[in-house]
$ cat model-v5.pdb   # PDB, C-alpha atoms
ATOM      1  CA  MET B   1       1.892  21.708  -3.772
ATOM      2  CA  ALA B   2       1.740  25.210  -2.273
ATOM      3  CA  ILE B   3       5.141  24.775  -0.666
ATOM      4  CA  TYR B   4       6.622  23.637  -3.971
ATOM      5  CA  LEU B   5       5.198  26.680  -5.758
ATOM      6  CA  CYS B   6       6.516  29.037  -3.063
ATOM      7  CA  VAL B   7       9.993  27.591  -3.335
ATOM      8  CA  ARG B   8       9.909  27.615  -7.104
ATOM      9  CA  SER B   9       8.483  31.074  -7.758
ATOM     10  CA  LEU B  10       9.800  33.059  -4.810
ATOM     11  CA  ASN B  11      13.085  31.224  -4.261
ATOM     12  CA  ALA B  12      12.183  31.133  -0.590
ATOM     13  CA  ARG B  13      12.678  28.296   1.819
ATOM     14  CA  VAL B  14       9.752  27.231   3.972
ATOM     15  CA  ASP B  15      10.582  25.915   7.412
ATOM     16  CA  MET B  16       8.588  22.732   7.986
ATOM     17  CA  ASN B  17       8.853  23.093  11.769
ATOM     18  CA  ILE B  18       6.913  26.356  11.637
ATOM     19  CA  LEU B  19       4.236  24.779   9.435
ATOM     20  CA  SER B  20       3.820  21.838  11.784
ATOM     21  CA  ASP B  21       3.516  24.174  14.789
ATOM     22  CA  ILE B  22       0.886  26.240  12.998
ATOM     23  CA  SER B  23      -1.079  23.155  11.995
ATOM     24  CA  ARG B  24      -1.144  21.987  15.621
ATOM     25  CA  VAL B  25      -2.774  25.285  16.573
ATOM     26  CA  ILE B  26      -5.154  25.695  13.638
ATOM     27  CA  ALA B  27      -6.787  22.256  13.862
ATOM     28  CA  PRO B  28      -8.168  22.712  17.408
ATOM     29  CA  LEU B  29      -9.231  26.282  16.600
ATOM     30  CA  LEU B  30     -11.252  25.042  13.624
ATOM     31  CA  ALA B  31     -12.870  22.395  15.808
ATOM     32  CA  ILE B  32     -13.827  24.992  18.411
ATOM     33  CA  TYR B  33     -15.216  27.262  15.679
ATOM     34  CA  GLY B  34     -17.286  24.375  14.342
ATOM     35  CA  VAL B  35     -18.789  23.716  17.770
ATOM     36  CA  PHE B  36     -19.648  27.372  18.337
ATOM     37  CA  ARG B  37     -21.101  27.656  14.831
ATOM     38  CA  ALA B  38     -23.289  24.587  15.356
ATOM     39  CA  VAL B  39     -24.529  25.904  18.709
ATOM     40  CA  ASP B  40     -25.291  29.268  17.110
ATOM     41  CA  LEU B  41     -27.268  27.668  14.283
ATOM     42  CA  ILE B  42     -29.231  25.530  16.721
ATOM     43  CA  ASN B  43     -30.038  28.515  18.953
ATOM     44  CA  ARG B  44     -31.278  30.550  15.986
ATOM     45  CA  ASP B  45     -33.368  27.638  14.652
ATOM     46  CA  ALA B  46     -31.441  27.804  11.393
ATOM     47  CA  THR B  47     -30.673  24.092  11.155
ATOM     48  CA  PRO B  48     -33.636  23.216   8.868
ATOM     49  CA  THR B  49     -32.125  25.424   6.159
ATOM     50  CA  TYR B  50     -29.203  23.030   5.865
ATOM     51  CA  GLY B  51     -29.686  19.721   4.125
ATOM     52  CA  CYS B  52     -31.886  18.417   1.336
ATOM     53  CA  GLY B  53     -34.634  20.982   1.761
ATOM     54  CA  ALA B  54     -32.349  23.931   1.181
ATOM     55  CA  LYS B  55     -30.695  22.297  -1.795
ATOM     56  CA  LYS B  56     -34.016  21.636  -3.492
ATOM     57  CA  ARG B  57     -35.192  25.195  -2.938
ATOM     58  CA  VAL B  58     -31.988  26.685  -4.272
ATOM     59  CA  CYS B  59     -31.788  24.389  -7.265
ATOM     60  CA  SER B  60     -35.463  24.741  -8.176
ATOM     61  CA  GLY B  61     -34.864  28.334  -9.263
ATOM     62  CA  TRP B  62     -32.143  27.251 -11.640
ATOM     63  CA  ARG B  63     -32.590  24.882 -14.511
ATOM     64  CA  SER B  64     -30.372  22.136 -13.225
ATOM     65  CA  ARG B  65     -30.682  18.552 -12.074
ATOM     66  CA  CYS B  66     -30.633  18.427  -8.304
TER      67      CYS B  66
END
$ encode --input "model-v5.pdb" --output "structure tokens"
Amino acid sequence: MAIYLCVRSLNARVDMNILSDISRVIAPLLAIYGVFRAVDLINRDATPTYGCGAKKRVCSGWRSRC
């Protein structure tokens, strides 16, 4: 969809080879970031804030069905 809009509005061609090369690099980088982020949260004892407990605390202040 984004490629179609770029071609349509900017009259620019997008090289699919460049996009495939970038996607091959970005996917492992996101995986590495996820591992480092998880290790950081575990080391700071911040993991209990994620999950059902955090959702209930956040939603309890608002008048919504959680």
$ residues_around --input "model-v5.pdb" --residues "Asp15 of chain B" --least-positions-apart "4" --cutoff "10 Å" --atoms "all atoms listed in the file" --output "list in words"
Ile3, Leu19 and Ser20 of chain B
$ atom_distance --input "model-v5.pdb" --atom1 "atom CA of Asn11 of chain B" --atom2 "atom CA of Ser23 of chain B"
23.0 Å
$ atom_distance --input "model-v5.pdb" --atom1 "atom CA of Leu41 of chain B" --atom2 "atom CA of Leu29 of chain B"
18.2 Å
$ atom_distance --input "model-v5.pdb" --atom1 "atom CA of Leu5 of chain B" --atom2 "atom CA of Ile18 of chain B"
17.5 Å
$ build_atoms --input "model-v5.pdb" --residues "segment 32-43 of chain B" --atoms "all heavy atoms" --output "tab-separated table (two decimals), in the frame of the given file"
chain	number	residue	atom	x	y	z
B	32	ILE	N	-13.09	24.13	17.49
B	32	ILE	CA	-13.83	24.99	18.41
B	32	ILE	C	-14.78	25.89	17.64
B	32	ILE	O	-15.93	26.09	18.04
B	32	ILE	CB	-12.85	25.81	19.28
B	32	ILE	CG1	-12.10	24.89	20.23
B	32	ILE	CG2	-13.57	26.92	20.04
B	32	ILE	CD1	-10.95	25.55	20.95
B	33	TYR	N	-14.33	26.43	16.51
B	33	TYR	CA	-15.22	27.26	15.68
B	33	TYR	C	-16.42	26.45	15.21
B	33	TYR	O	-17.54	26.96	15.20
B	33	TYR	CB	-14.45	27.81	14.48
B	33	TYR	CG	-15.35	28.48	13.48
B	33	TYR	CD1	-15.86	29.76	13.72
B	33	TYR	CD2	-15.70	27.84	12.30
B	33	TYR	CE1	-16.70	30.37	12.82
B	33	TYR	CE2	-16.55	28.44	11.39
B	33	TYR	CZ	-17.04	29.71	11.65
B	33	TYR	OH	-17.88	30.31	10.76
B	34	GLY	N	-16.19	25.22	14.79
B	34	GLY	CA	-17.29	24.38	14.34
B	34	GLY	C	-18.32	24.13	15.43
B	34	GLY	O	-19.53	24.16	15.17
B	35	VAL	N	-17.86	23.93	16.66
B	35	VAL	CA	-18.79	23.72	17.77
B	35	VAL	C	-19.60	24.98	18.03
B	35	VAL	O	-20.82	24.94	18.17
B	35	VAL	CB	-18.02	23.28	19.04
B	35	VAL	CG1	-18.92	23.33	20.26
B	35	VAL	CG2	-17.43	21.90	18.85
B	36	PHE	N	-18.93	26.12	18.09
B	36	PHE	CA	-19.65	27.37	18.34
B	36	PHE	C	-20.61	27.69	17.20
B	36	PHE	O	-21.71	28.20	17.44
B	36	PHE	CB	-18.67	28.54	18.54
B	36	PHE	CG	-18.08	28.59	19.92
B	36	PHE	CD1	-16.72	28.46	20.10
B	36	PHE	CD2	-18.88	28.75	21.03
B	36	PHE	CE1	-16.17	28.51	21.36
B	36	PHE	CE2	-18.35	28.80	22.31
B	36	PHE	CZ	-16.98	28.67	22.48
B	37	ARG	N	-20.22	27.40	15.97
B	37	ARG	CA	-21.10	27.66	14.83
B	37	ARG	C	-22.33	26.76	14.89
B	37	ARG	O	-23.45	27.21	14.62
B	37	ARG	CB	-20.33	27.42	13.53
B	37	ARG	CG	-21.10	27.67	12.29
B	37	ARG	CD	-21.33	29.15	12.09
B	37	ARG	NE	-22.01	29.33	10.82
B	37	ARG	CZ	-22.89	30.27	10.59
B	37	ARG	NH1	-23.15	31.16	11.52
B	37	ARG	NH2	-23.47	30.37	9.43
B	38	ALA	N	-22.15	25.51	15.25
B	38	ALA	CA	-23.29	24.59	15.36
B	38	ALA	C	-24.23	25.02	16.47
B	38	ALA	O	-25.46	25.02	16.29
B	38	ALA	CB	-22.78	23.17	15.61
B	39	VAL	N	-23.69	25.43	17.61
B	39	VAL	CA	-24.53	25.90	18.71
B	39	VAL	C	-25.28	27.16	18.30
B	39	VAL	O	-26.48	27.31	18.60
B	39	VAL	CB	-23.67	26.16	19.97
B	39	VAL	CG1	-24.45	26.90	21.04
B	39	VAL	CG2	-23.14	24.85	20.51
B	40	ASP	N	-24.64	28.05	17.58
B	40	ASP	CA	-25.29	29.27	17.11
B	40	ASP	C	-26.44	28.96	16.16
B	40	ASP	O	-27.52	29.53	16.26
B	40	ASP	CB	-24.26	30.17	16.43
B	40	ASP	CG	-24.86	31.47	15.95
B	40	ASP	OD1	-25.58	32.12	16.73
B	40	ASP	OD2	-24.61	31.83	14.78
B	41	LEU	N	-26.21	28.04	15.22
B	41	LEU	CA	-27.27	27.67	14.28
B	41	LEU	C	-28.44	27.00	14.99
B	41	LEU	O	-29.61	27.24	14.64
B	41	LEU	CB	-26.71	26.74	13.20
B	41	LEU	CG	-25.78	27.40	12.19
B	41	LEU	CD1	-25.18	26.35	11.28
B	41	LEU	CD2	-26.50	28.46	11.40
B	42	ILE	N	-28.16	26.19	15.97
B	42	ILE	CA	-29.23	25.53	16.72
B	42	ILE	C	-30.03	26.55	17.52
B	42	ILE	O	-31.26	26.50	17.55
B	42	ILE	CB	-28.64	24.43	17.63
B	42	ILE	CG1	-28.12	23.28	16.78
B	42	ILE	CG2	-29.67	23.94	18.62
B	42	ILE	CD1	-27.29	22.28	17.53
B	43	ASN	N	-29.34	27.50	18.15
B	43	ASN	CA	-30.04	28.52	18.95
B	43	ASN	C	-30.90	29.44	18.11
B	43	ASN	O	-31.91	29.96	18.57
B	43	ASN	CB	-29.04	29.34	19.77
B	43	ASN	CG	-28.51	28.57	20.94
B	43	ASN	OD1	-29.13	27.63	21.41
B	43	ASN	ND2	-27.34	28.96	21.42
